[in-house]
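Novice: data-v7.csv (CSV, C-alpha atoms and all ligand atoms) pasted underneath:
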chain,number,residue,atom,x,y,z
A,396,MET,CA,0.0,0.0,0.0
A,397,ARG,CA,2.9,2.4,0.9
A,398,ASP,CA,4.2,2.3,-2.7
A,399,LYS,CA,0.6,2.8,-4.1
A,400,LEU,CA,0.2,5.8,-1.9
A,401,LEU,CA,3.5,7.3,-2.9
A,402,ALA,CA,2.7,6.8,-6.6
A,403,ALA,CA,-0.6,8.6,-6.2
A,404,GLU,CA,1.0,11.7,-4.7
A,405,LYS,CA,0.6,14.7,-7.0
A,406,VAL,CA,0.6,17.9,-4.9
A,407,LYS,CA,3.4,19.4,-2.9
A,408,ALA,CA,3.3,22.8,-1.2
A,409,ILE,CA,6.7,23.2,0.5
A,410,GLU,CA,10.1,23.1,-1.1
A,411,TRP,CA,13.5,23.6,0.6
A,412,ARG,CA,16.2,24.4,-1.9
A,413,ASP,CA,19.6,26.2,-1.6
A,414,VAL,CA,18.7,27.5,1.9
A,415,LYS,CA,15.5,29.1,0.7
A,416,LEU,CA,11.9,28.2,1.4
A,417,GLY,CA,9.5,27.8,-1.4
A,418,LEU,CA,5.8,27.9,-0.6
A,419,LEU,CA,2.8,27.3,-2.9
A,420,ASP,CA,0.6,30.3,-2.2
A,421,GLN,CA,-2.6,28.8,-0.8
A,422,ARG,CA,-4.4,32.1,-0.8
A,423,VAL,CA,-4.8,32.1,-4.6
A,424,LEU,CA,-5.4,28.4,-5.3
A,425,PRO,CA,-7.0,26.9,-7.3
A,426,ARG,CA,-7.1,29.9,-9.6
A,427,GLU,CA,-3.4,30.4,-9.7
A,428,GLU,CA,-0.4,28.1,-8.8
A,429,THR,CA,2.1,30.6,-7.6
A,430,TRP,CA,5.3,29.8,-5.7
A,431,LEU,CA,6.7,32.3,-3.3
A,432,THR,CA,10.3,32.2,-2.1
A,433,TYR,CA,11.4,33.2,1.5
A,434,ASP,CA,14.8,33.9,2.8
A,435,SER,CA,14.1,35.3,6.3
A,436,ALA,CA,12.4,34.2,9.5
A,437,ALA,CA,10.2,37.3,9.5
A,438,GLY,CA,9.1,36.6,5.9
A,439,VAL,CA,8.2,33.0,6.9
A,440,ALA,CA,6.3,34.2,10.0
A,441,GLU,CA,4.3,36.6,7.8
A,442,ALA,CA,3.6,33.7,5.3
A,443,ILE,CA,2.2,31.7,8.2
A,444,ARG,CA,0.1,34.6,9.6
A,445,SER,CA,-1.3,35.5,6.2
A,446,MET,CA,-2.0,31.8,5.3
A,447,VAL,CA,0.3,31.5,2.3
A,448,VAL,CA,1.0,28.2,4.2
A,449,ARG,CA,-1.6,26.7,6.5
A,450,GLY,CA,-2.6,23.4,8.1
A,451,ALA,CA,-1.0,22.4,11.4
A,452,PRO,CA,1.8,20.2,10.2
A,453,ALA,CA,2.7,22.5,7.3
A,454,ILE,CA,2.9,25.5,9.7
A,455,GLY,CA,5.3,23.5,11.9
A,456,ILE,CA,7.5,22.6,9.0
A,457,ALA,CA,7.6,26.1,7.6
A,458,ALA,CA,8.5,27.5,11.1
A,459,ALA,CA,11.4,25.1,11.4
A,460,PHE,CA,12.8,26.3,8.0
A,461,GLY,CA,12.1,29.9,9.0
A,462,LEU,CA,14.3,29.3,12.0
A,463,VAL,CA,17.1,28.0,9.8
A,464,LEU,CA,16.8,31.2,7.7
A,465,GLY,CA,17.0,33.2,10.9
A,466,ALA,CA,20.1,31.3,12.0
A,467,ARG,CA,21.8,31.9,8.7
A,468,ALA,CA,21.3,35.7,8.9
A,469,ARG,CA,22.3,35.8,12.6
A,470,LEU,CA,25.4,33.8,12.0
A,471,ALA,CA,26.4,36.1,9.2
A,472,ALA,CA,25.9,39.1,11.4
A,473,GLY,CA,28.4,37.7,13.9
A,474,GLY,CA,28.3,38.4,17.7
A,475,ASP,CA,26.1,36.5,20.0
A,476,TRP,CA,24.0,35.0,17.2
A,477,GLN,CA,22.1,32.6,19.5
A,478,ALA,CA,20.9,35.4,21.7
A,479,ALA,CA,19.8,37.3,18.5
A,480,LEU,CA,18.0,34.2,17.2
A,481,GLU,CA,15.6,34.5,20.1
A,482,GLU,CA,13.9,37.3,18.2
A,483,ASP,CA,13.2,34.8,15.3
A,484,PHE,CA,11.9,32.2,17.7
A,485,LYS,CA,9.5,34.9,19.1
A,486,VAL,CA,8.3,36.2,15.7
A,487,LEU,CA,7.6,32.7,14.4
A,488,ALA,CA,5.9,31.6,17.6
A,489,GLU,CA,3.6,34.6,17.4
A,490,SER,CA,2.5,33.9,13.8
A,491,ARG,CA,-0.6,31.7,14.7
A,492,PRO,CA,-1.8,30.5,18.2
A,493,THR,CA,-3.8,27.3,17.9
A,494,ALA,CA,-1.9,24.6,16.0
A,495,VAL,CA,0.6,23.2,18.5
A,496,ASN,CA,2.8,21.8,15.7
A,497,LEU,CA,4.2,25.3,15.3
A,498,PHE,CA,5.5,25.3,18.9
A,499,TRP,CA,6.5,21.6,18.8
A,500,ALA,CA,8.7,22.3,15.7
A,501,LEU,CA,10.3,25.4,17.3
A,502,ASP,CA,10.9,23.4,20.5
A,503,ARG,CA,12.7,20.7,18.4
A,504,MET,CA,14.8,23.4,16.8
A,505,ARG,CA,15.7,24.8,20.2
A,506,GLU,CA,16.7,21.4,21.5
A,507,ARG,CA,18.9,20.9,18.5
A,508,LEU,CA,20.5,24.2,19.2
A,509,GLN,CA,21.1,23.3,22.8
A,510,ARG,CA,22.8,20.0,21.7
A,511,LEU,CA,25.3,21.7,19.4
A,512,LYS,CA,28.8,20.5,20.0
A,513,GLU,CA,31.9,22.7,20.1
A,514,GLY,CA,33.0,23.3,16.5
A,515,GLU,CA,29.9,21.8,14.9
A,516,ASN,CA,28.4,23.4,11.9
A,517,ALA,CA,25.3,25.0,13.5
A,518,LEU,CA,23.6,25.9,10.2
A,519,ALA,CA,24.0,22.4,8.8
A,520,ALA,CA,22.7,20.9,12.1
A,521,LEU,CA,19.6,23.1,12.2
A,522,GLU,CA,19.0,22.5,8.5
A,523,ALA,CA,19.2,18.7,9.0
A,524,GLU,CA,16.7,19.0,11.9
A,525,ALA,CA,14.2,21.0,9.9
A,526,VAL,CA,14.5,18.5,7.0
A,527,GLY,CA,14.0,15.7,9.5
A,528,ILE,CA,10.8,17.4,10.7
A,529,PHE,CA,9.6,17.7,7.1
A,530,ASP,CA,10.4,14.1,6.1
A,531,SER,CA,9.1,12.5,9.3
A,532,ASP,CA,5.7,14.3,8.9
A,533,ARG,CA,5.3,12.7,5.4
A,534,GLU,CA,6.2,9.3,6.8
A,535,ALA,CA,3.7,9.7,9.6
A,536,ASN,CA,1.0,10.5,7.1
A,537,LEU,CA,1.8,7.3,5.1
A,538,THR,CA,1.5,5.3,8.3
A,539,MET,CA,-1.7,7.0,9.4
A,540,ALA,CA,-3.3,6.5,6.0
A,541,GLN,CA,-2.8,2.8,6.4
A,542,LEU,CA,-4.1,2.7,10.0
A,543,GLY,CA,-7.1,4.8,9.0
A,544,LEU,CA,-7.8,2.5,6.1
A,545,GLU,CA,-7.7,-0.5,8.4
A,546,LEU,CA,-10.1,1.2,10.7
A,547,ILE,CA,-12.6,1.7,7.9
A,548,ARG,CA,-12.1,-1.9,6.8
A,549,LYS,CA,-12.9,-3.1,10.3
A,550,HIS,CA,-16.4,-1.7,9.9
A,551,GLN,CA,-17.1,-1.8,6.1
A,552,ASP,CA,-15.9,-3.6,3.1
A,553,SER,CA,-17.7,-1.8,0.3
A,554,PRO,CA,-17.4,1.7,-1.1
A,555,GLN,CA,-18.5,4.3,1.5
A,556,LYS,CA,-19.7,7.9,1.5
A,557,LEU,CA,-17.3,10.0,3.6
A,558,LEU,CA,-17.5,13.6,4.8
A,559,THR,CA,-14.5,15.9,5.5
A,560,HIS,CA,-13.9,19.4,6.7
A,561,CYS,CA,-11.3,22.0,5.9
A,562,ASN,CA,-8.1,20.9,4.1
A,563,THR,CA,-5.9,18.2,5.6
A,564,GLY,CA,-4.1,17.1,2.4
A,565,ALA,CA,-0.7,17.4,0.9
A,566,LEU,CA,-1.2,21.2,1.0
A,567,ALA,CA,-1.6,21.1,4.8
A,568,THR,CA,1.3,18.8,5.7
A,569,GLY,CA,4.7,17.6,4.6
A,570,GLY,CA,3.0,15.5,2.0
A,571,PHE,CA,0.0,13.2,1.4
A,572,GLY,CA,-2.1,14.5,4.2
A,573,THR,CA,-3.7,13.3,7.5
A,574,ALA,CA,-7.5,12.9,7.1
A,575,LEU,CA,-7.2,13.4,3.4
A,576,GLY,CA,-4.4,10.8,3.4
A,577,VAL,CA,-6.8,8.2,4.9
A,578,ILE,CA,-9.4,9.2,2.3
A,579,ARG,CA,-6.8,8.8,-0.5
A,580,ALA,CA,-5.8,5.4,0.8
A,581,ALA,CA,-9.5,4.4,1.1
A,582,HIS,CA,-10.0,5.5,-2.5
A,583,LEU,CA,-7.1,3.5,-3.7
A,584,ALA,CA,-8.5,0.5,-1.8
A,585,GLY,CA,-11.9,0.9,-3.6
A,586,LEU,CA,-13.6,1.9,-0.4
A,587,VAL,CA,-14.8,5.4,-1.5
A,588,GLU,CA,-18.1,5.9,-3.2
A,589,ARG,CA,-18.1,9.7,-2.7
A,590,VAL,CA,-16.4,12.3,-0.6
A,591,PHE,CA,-18.5,15.2,0.6
A,592,ALA,CA,-16.2,18.2,1.2
A,593,ASP,CA,-17.5,21.0,3.4
A,594,GLU,CA,-16.7,24.3,1.8
A,595,THR,CA,-15.3,25.5,5.1
A,596,ARG,CA,-16.3,29.1,5.5
A,597,PRO,CA,-15.0,31.7,5.8
A,598,TRP,CA,-11.6,30.9,4.3
A,599,LEU,CA,-13.0,28.1,1.9
A,600,GLN,CA,-10.2,25.5,2.5
A,601,GLY,CA,-12.8,22.9,1.4
A,602,SER,CA,-13.9,24.6,-1.9
A,603,ARG,CA,-10.5,25.9,-2.9
A,604,LEU,CA,-8.1,23.3,-1.6
A,605,THR,CA,-9.7,19.9,-0.7
A,606,ALA,CA,-11.9,19.8,-3.8
A,607,TRP,CA,-8.9,20.7,-5.9
A,608,GLU,CA,-6.7,18.0,-4.4
A,609,LEU,CA,-9.3,15.3,-4.6
A,610,ALA,CA,-10.6,16.2,-8.1
A,611,GLY,CA,-7.0,16.3,-9.4
A,612,GLU,CA,-6.6,12.6,-8.3
A,613,GLY,CA,-9.9,11.4,-9.7
A,614,VAL,CA,-11.5,10.9,-6.3
A,615,PRO,CA,-15.3,11.4,-6.6
A,616,VAL,CA,-16.0,14.6,-4.6
A,617,SER,CA,-19.0,16.8,-4.1
A,618,LEU,CA,-18.7,20.2,-2.5
A,619,ASN,CA,-21.4,21.2,0.0
A,620,ALA,CA,-22.2,24.2,2.1
A,621,ASP,CA,-21.1,23.7,5.7
A,622,SER,CA,-24.7,24.0,6.8
A,623,ALA,CA,-25.7,21.1,4.6
A,624,ALA,CA,-23.7,18.5,6.6
A,625,ALA,CA,-26.4,17.4,9.0
A,626,HIS,CA,-28.9,17.0,6.1
A,627,LEU,CA,-26.4,15.0,4.1
A,628,MET,CA,-25.7,12.7,7.1
A,629,LYS,CA,-29.4,12.1,7.3
A,630,THR,CA,-30.1,11.6,3.6
A,631,GLU,CA,-27.0,10.3,2.0
A,632,GLY,CA,-25.9,7.4,4.2
A,633,ILE,CA,-22.6,8.9,5.1
A,634,THR,CA,-20.7,6.5,7.3
A,635,TRP,CA,-17.6,8.4,8.4
A,636,VAL,CA,-16.7,12.0,9.1
A,637,ILE,CA,-12.9,12.2,8.8
A,638,VAL,CA,-11.1,15.3,9.9
A,639,GLY,CA,-7.6,16.6,11.0
A,640,ALA,CA,-6.6,18.4,14.1
A,641,ASP,CA,-4.7,21.5,15.2
A,642,ARG,CA,-4.2,20.5,18.8
A,643,ILE,CA,-5.3,17.5,20.9
A,644,THR,CA,-5.1,17.7,24.6
A,645,ALA,CA,-4.2,15.1,27.2
A,646,ASN,CA,-7.8,14.0,27.6
A,647,GLY,CA,-8.4,13.5,23.9
A,648,ASP,CA,-10.3,16.8,23.2
A,649,VAL,CA,-9.6,18.0,19.7
A,650,ALA,CA,-9.2,21.6,18.3
A,651,ASN,CA,-9.8,21.8,14.6
A,652,LYS,CA,-11.2,24.1,12.0
A,653,ILE,CA,-14.4,26.0,13.1
A,654,GLY,CA,-17.4,23.8,12.3
A,655,THR,CA,-15.8,20.5,13.3
A,656,TYR,CA,-17.6,20.5,16.7
A,657,GLN,CA,-21.0,20.8,15.1
A,658,LEU,CA,-20.1,17.9,12.7
A,659,ALA,CA,-19.2,15.7,15.7
A,660,VAL,CA,-22.5,16.5,17.4
A,661,ASN,CA,-24.4,15.8,14.2
A,662,ALA,CA,-22.4,12.6,13.6
A,663,MET,CA,-23.3,11.3,17.0
A,664,HIS,CA,-27.0,12.1,16.4
A,665,HIS,CA,-27.0,10.3,13.1
A,666,GLY,CA,-24.8,7.3,14.1
A,667,VAL,CA,-22.0,8.4,11.8
A,668,ARG,CA,-18.5,7.4,12.9
A,669,PHE,CA,-16.1,10.3,13.7
A,670,MET,CA,-12.4,9.8,13.0
A,671,VAL,CA,-9.6,12.4,13.8
A,672,VAL,CA,-6.3,11.9,12.0
A,673,ALA,CA,-3.2,13.7,13.3
A,674,PRO,CA,0.4,13.1,13.9
A,675,SER,CA,1.7,12.9,17.5
A,676,SER,CA,3.2,16.4,17.0
A,677,THR,CA,-0.4,17.7,17.2
A,678,ILE,CA,-0.8,16.2,20.7
A,679,ASP,CA,-0.2,18.6,23.5
A,680,MET,CA,0.1,16.6,26.7
A,681,SER,CA,0.8,19.9,28.7
A,682,LEU,CA,-2.8,20.9,28.4
A,683,GLU,CA,-5.4,18.9,30.3
A,684,GLU,CA,-8.5,19.6,28.3
A,685,GLY,CA,-9.7,21.4,25.2
A,686,GLU,CA,-10.9,24.5,27.1
A,687,ASP,CA,-7.2,25.3,27.7
A,688,ILE,CA,-6.5,25.6,24.0
A,689,PRO,CA,-6.0,29.2,22.7
A,690,ILE,CA,-8.5,29.7,19.9
A,691,GLU,CA,-7.4,32.0,17.1
A,692,GLU,CA,-9.8,34.9,16.2
A,693,ARG,CA,-9.2,36.3,12.8
A,694,ASP,CA,-10.2,39.6,11.2
A,695,GLY,CA,-14.0,39.9,10.8
A,696,ARG,CA,-13.4,41.0,7.2
A,697,GLU,CA,-12.9,37.3,6.3
A,698,LEU,CA,-16.7,37.1,6.9
A,699,LEU,CA,-17.8,40.5,5.8
A,700,ASP,CA,-16.0,40.5,2.4
A,701,VAL,CA,-15.8,37.9,-0.4
A,702,GLY,CA,-13.0,38.3,-2.9
A,703,GLY,CA,-12.4,41.8,-1.6
A,704,GLN,CA,-16.0,42.8,-2.2
A,705,ARG,CA,-18.2,43.8,0.8
A,706,ILE,CA,-21.2,41.5,1.0
A,707,ALA,CA,-22.4,42.0,4.5
A,708,ALA,CA,-24.3,44.8,6.3
A,709,GLU,CA,-22.2,47.2,8.4
A,710,VAL,CA,-22.0,45.0,11.5
A,711,HIS,CA,-19.4,43.6,13.8
A,712,ALA,CA,-18.4,40.0,12.7
A,713,VAL,CA,-17.1,37.4,15.1
A,714,ASN,CA,-14.6,35.1,13.5
A,715,PRO,CA,-13.2,32.3,15.8
A,716,VAL,CA,-11.4,30.0,13.3
A,717,PHE,CA,-11.1,26.9,15.4
A,718,ASP,CA,-13.4,25.0,17.8
A,719,VAL,CA,-13.0,22.2,20.3
A,720,THR,CA,-14.7,18.8,19.9
A,721,PRO,CA,-14.9,16.9,23.2
A,722,ALA,CA,-13.3,13.5,23.3
A,723,ASP,CA,-16.6,11.8,24.1
A,724,LEU,CA,-17.9,12.6,20.6
A,725,ILE,CA,-14.8,11.0,18.9
A,726,ASP,CA,-14.8,7.4,17.8
A,727,ALA,CA,-11.1,7.2,17.0
A,728,ILE,CA,-7.9,9.3,16.9
A,729,VAL,CA,-5.5,7.9,14.4
A,730,THR,CA,-1.8,8.8,14.8
A,731,GLU,CA,1.5,7.4,13.5
A,732,LYS,CA,1.9,5.7,16.9
A,733,GLY,CA,-1.3,3.9,16.7
A,734,VAL,CA,-5.1,4.3,16.9
A,735,VAL,CA,-6.9,5.3,20.1
A,736,GLU,CA,-10.6,4.4,20.0
A,737,ARG,CA,-13.0,6.3,22.3
A,738,PRO,CA,-10.2,8.5,23.6
A,739,ASP,CA,-9.7,9.4,27.2
A,740,ALA,CA,-6.8,10.6,29.4
A,741,ALA,CA,-5.5,7.1,30.2
A,742,LYS,CA,-5.5,6.0,26.6
A,743,MET,CA,-3.8,9.2,25.4
A,744,ALA,CA,-1.1,8.8,28.0
A,745,GLN,CA,-0.5,5.2,26.9
A,746,LEU,CA,-0.3,6.2,23.2
A,747,MET,CA,2.3,8.9,23.9
A,748,CYS,CA,4.6,6.2,25.5
A,749,ARG,CA,4.5,4.2,22.3
A,750,LYS,CA,7.1,4.5,19.6
A,751,ARG,CA,6.2,5.6,16.1
A,752,LEU,CA,5.0,2.7,14.0
A,753,HIS,CA,7.4,3.5,11.0
A,801,LIG,O1,-6.7,27.7,9.4
A,801,LIG,P1,-6.1,26.5,8.8
A,801,LIG,O2,-6.4,26.3,7.3
A,801,LIG,O3,-4.6,26.4,9.1
A,801,LIG,O4,-6.7,25.3,9.5
A,801,LIG,C1,-6.4,24.0,9.2
A,801,LIG,C2,-7.2,22.9,9.9
A,801,LIG,O5,-8.0,23.2,10.7
A,801,LIG,C3,-6.8,21.5,9.6
A,801,LIG,O6,-7.9,20.7,9.7
A,801,LIG,C4,-5.7,21.0,10.6
A,801,LIG,O7,-4.7,22.0,10.6
A,801,LIG,C5,-5.1,19.8,10.2
A,801,LIG,S1,-4.2,19.8,8.7
A,801,LIG,C6,-3.5,18.3,8.4
Turn this file's structure into structure tokens for me.

Specialist:
Amino acid sequence: MRDKLLAAEKVKAIEWRDVKLGLLDQRVLPREETWLTYDSAAGVAEAIRSMVVRGAPAIGIAAAFGLVLGARARLAAGGDWQAALEEDFKVLAESRPTAVNLFWALDRMRERLQRLKEGENALAALEAEAVGIFDSDREANLTMAQLGLELIRKHQDSPQKLLTHCNTGALATGGFGTALGVIRAAHLAGLVERVFADETRPWLQGSRLTAWELAGEGVPVSLNADSAAAHLMKTEGITWVIVGADRITANGDVANKIGTYQLAVNAMHHGVRFMVVAPSSTIDMSLEEGEDIPIEERDGRELLDVGGQRIAAEVHAVNPVFDVTPADLIDAIVTEKGVVERPDAAKMAQLMCRKRLH
């Protein structure tokens, strides 16, 4: 299956070449495929903030490379470069608040910095660490795709109707995708009749990114308004909702794109299984429960305007871009370390003690 999965991979969104970071600009997809090049930590932080790159794992990977770019400039400037690099850590950490992969990646870069030996090439060491974060995310996705597929197979052996939210594909990760990785694997295994993709207001990750990724690979996909999801669960015989995550707390609560919580409530009501797919870098064992997760609020203009055109009345708009799904609405959390069914604090703690399965 791994080779089949790799052969099916078409999209990539992050490229590290000649100590420069290339990002496929996700703000203008699918209308335009524009690559932007970054050579500074501040530039990468701005790319994360403005959503040139988005999706929890991709944000972490970009931040790691951003730190390498910062280190290169600080080393060239001379003096106490490690002290100066703290500014880059800060700017990158402030770019977005909810996806913990960002902080996880920066912590890994800091640990590598602290392990530098006398006379070691610091830039090469940091670059290798960032490349390692990139590569291992892709590997984790391949493992999760297979685990998620097995989970579907445990319950069904014929083509199913699946529903997904936001974009969790190659665009959102180091490659292949988390929830979308499972959906891709299920498609290759002949287990997908149709994927319903929520459009994912207000930023339209579903319409612009997920629909583009799936259609490009010949996966049968229908786009639906977010508000159609409960109706589709009732009328279409959807068997699984499969989503990603931005942060999972020690008790198994899951922060993900706004709208995920209402999907989980509706899935429970309709007897639809609810699967969350995320690498262990998304799990934040330092937070006890979902209420502790900082939820990003973005500019109300994302709701008031469409394509730069005002569509709403002159009112205040509230724009929280993530919500928290409580663990007791989740059937399974799939990670590269294994699958946790009906998650709770004890099962999450056990999972985190395990080694990666690849
Ligand atoms: O605001 P975004 O587009 O960064 O939000 C992305 C999501 O919520 C994804 O579901 C999540 O990051 C998982 S991506 C593999």

Novice: Within 9 Å of Thr493 in chain A, counting all atoms listed in the file, which residues show up once you throw out same-chain ones fewer than 2 positions away? Write them as a short mmCIF file (atom, residue, chain, number, x, y, z; two decimals) with C-alpha atoms, keeping the file's coordinate frame, please.

Specialist:
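Written output follows (result16.cif):
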data_model
loop_
_atom_site.label_atom_id
_atom_site.label_comp_id
_atom_site.auth_asym_id
_atom_site.auth_seq_id
_atom_site.Cartn_x
_atom_site.Cartn_y
_atom_site.Cartn_z
CA ALA A 451 -1.00 22.40 11.40
CA ARG A 491 -0.60 31.70 14.70
CA VAL A 495 0.60 23.20 18.50
CA ASN A 496 2.80 21.80 15.70
CA LEU A 497 4.20 25.30 15.30
CA ASP A 641 -4.70 21.50 15.20
CA ARG A 642 -4.20 20.50 18.80
CA ALA A 650 -9.20 21.60 18.30
CA ASN A 651 -9.80 21.80 14.60
CA ILE A 688 -6.50 25.60 24.00
CA PRO A 689 -6.00 29.20 22.70
CA ILE A 690 -8.50 29.70 19.90
CA GLU A 691 -7.40 32.00 17.10
CA PHE A 717 -11.10 26.90 15.40
#

Novice: Smallest atom-to-atom distance to ligand LIG 801 (chain A): which of A:Met743, A:Leu609, A:Ile443, A:Ile728, using only C-alpha atoms and all ligand atoms?

Specialist: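 Comparing A:Met743, A:Leu609, A:Ile443, A:Ile728 against ligand LIG 801 (chain A), the winner is A:Ile443.
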
Novice: What residues have any atom no more than 7 Å from ligand LIG 801 (chain A) when counting all atoms listed in the file, and can you list them as a list of chain:residue names?

Specialist: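 Protein and nucleic-acid residues within 7 Å of ligand LIG 801 (chain A): A:Arg449, A:Gly450, A:Ala451, A:Pro452, A:Ala494, A:His560, A:Cys561, A:Asn562, A:Thr563, A:Gly564, A:Ala567, A:Thr568, A:Gly572, A:Thr573, A:Ala574, A:Gln600, A:Val638, A:Gly639, A:Ala640, A:Asp641, A:Asn651, A:Lys652, A:Ala673, A:Val716, A:Phe717.
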
Novice: Please, which residues are within 10 Å of (-20.1, 10.8, 12.3) by the file's coordinates, counting all atoms listed in the file, and could they come as a VMD selection string?

Specialist: chain A and resid 557 to 558 625 628 633 to 637 658 to 670 724 to 726

Novice: Could you state the separation of CA of Phe460 in chain A and CA of Leu416 in chain A in Å, given to one decimal place?

Specialist: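 So the two atoms, CA of Phe460 in chain A and CA of Leu416 in chain A, lie 6.9 Å apart.
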
Novice: Between CA of Ala565 in chain A and CA of Val406 in chain A, what is the distance in Å, rounded to a tenth?

Specialist: 6.0 Å

Novice: Let me make sure I understand: among A:Ala610, A:Leu462, A:Leu400, A:Leu419, which one has the smallest atom-to-atom distance to Asn536 in chain A if we use all atoms listed in the file?

Specialist: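 Of the candidates, the smallest distance to Asn536 in chain A is held by A:Leu400.
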
Novice: Which one is closest to Leu546 in chain A: A:Gly569, A:Gln657, A:Arg696, A:Ala580? Count only C-alpha atoms.

Specialist: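 For Leu546 in chain A, the nearest of the given residues is A:Ala580.
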
Novice: Just give me the gap between CA of Met396 in chain A and CA of Val616 in chain A in Å, one decimal is fine.

Specialist: 22.1 Å

Novice: Taking into account only C-alpha atoms, which residue in the set A:Ala457, A:Leu401, A:Val735, A:Ala466 is nearest to Ala478 in chain A?

Specialist: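 Of A:Ala457, A:Leu401, A:Val735, A:Ala466, the one nearest Ala478 in chain A, counting only C-alpha atoms, is A:Ala466.
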
Novice: Of the candidates A:Asp679, A:Glu534, A:Glu684, A:Glu524, which one gets nearest to Met747 in chain A if we count all atoms listed in the file?

Specialist: A:Asp679

Novice: Using all atoms listed in the file, which residue out of A:Leu542, A:Ala535, A:Ala459, A:Ala402 lies closest to Lys750 in chain A?

Specialist: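 For Lys750 in chain A, the nearest of the candidates is A:Ala535.
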
Novice: Once you count all atoms listed in the file, which residues end up no further than 8 Å from (-5.2, 6.9, 15.4) in the file's frame, shown as a list in words?

Specialist: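 It turns out the residues near that spot are Met539, Leu542, Gly543, Val671, Val672, Ala673, Ala727, Ile728, Val729, Thr730, Glu731, Lys732, Gly733, Val734, Val735 and Glu736 of chain A.
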
Novice: Could you give me, as a PDB file with C-alpha atoms, in the frame of the given file, the residues within 8 Å of Ala606 in chain A, counting all atoms listed in the file and dropping anything in the same chain fewer than 6 positions from it?

Specialist:
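Generated output (part.pdb):
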ATOM      1  CA  ALA A 592     -16.200  18.200   1.200  1.00  0.00           C
ATOM      2  CA  VAL A 616     -16.000  14.600  -4.600  1.00  0.00           C
ATOM      3  CA  SER A 617     -19.000  16.800  -4.100  1.00  0.00           C
ATOM      4  CA  LEU A 618     -18.700  20.200  -2.500  1.00  0.00           C
TER       5      LEU A 618
END

Novice: Using only C-alpha atoms, which residues sit within 8 Å of Glu692 in chain A once same-chain residues fewer than 3 positions away are excluded, as a list in words?

Specialist: Val713, Asn714, Pro715 and Val716 of chain A

Novice: When you look at Leu431 in chain A with a cut-off of 12 Å (counting only C-alpha atoms), what residues show up, excluding the ones that are within fewer than 2 positions of it in the same chain? I need them as number ranges by chain.

Specialist: A: 408-411, 415-423, 428-429, 433-434, 438-439, 442, 447-448
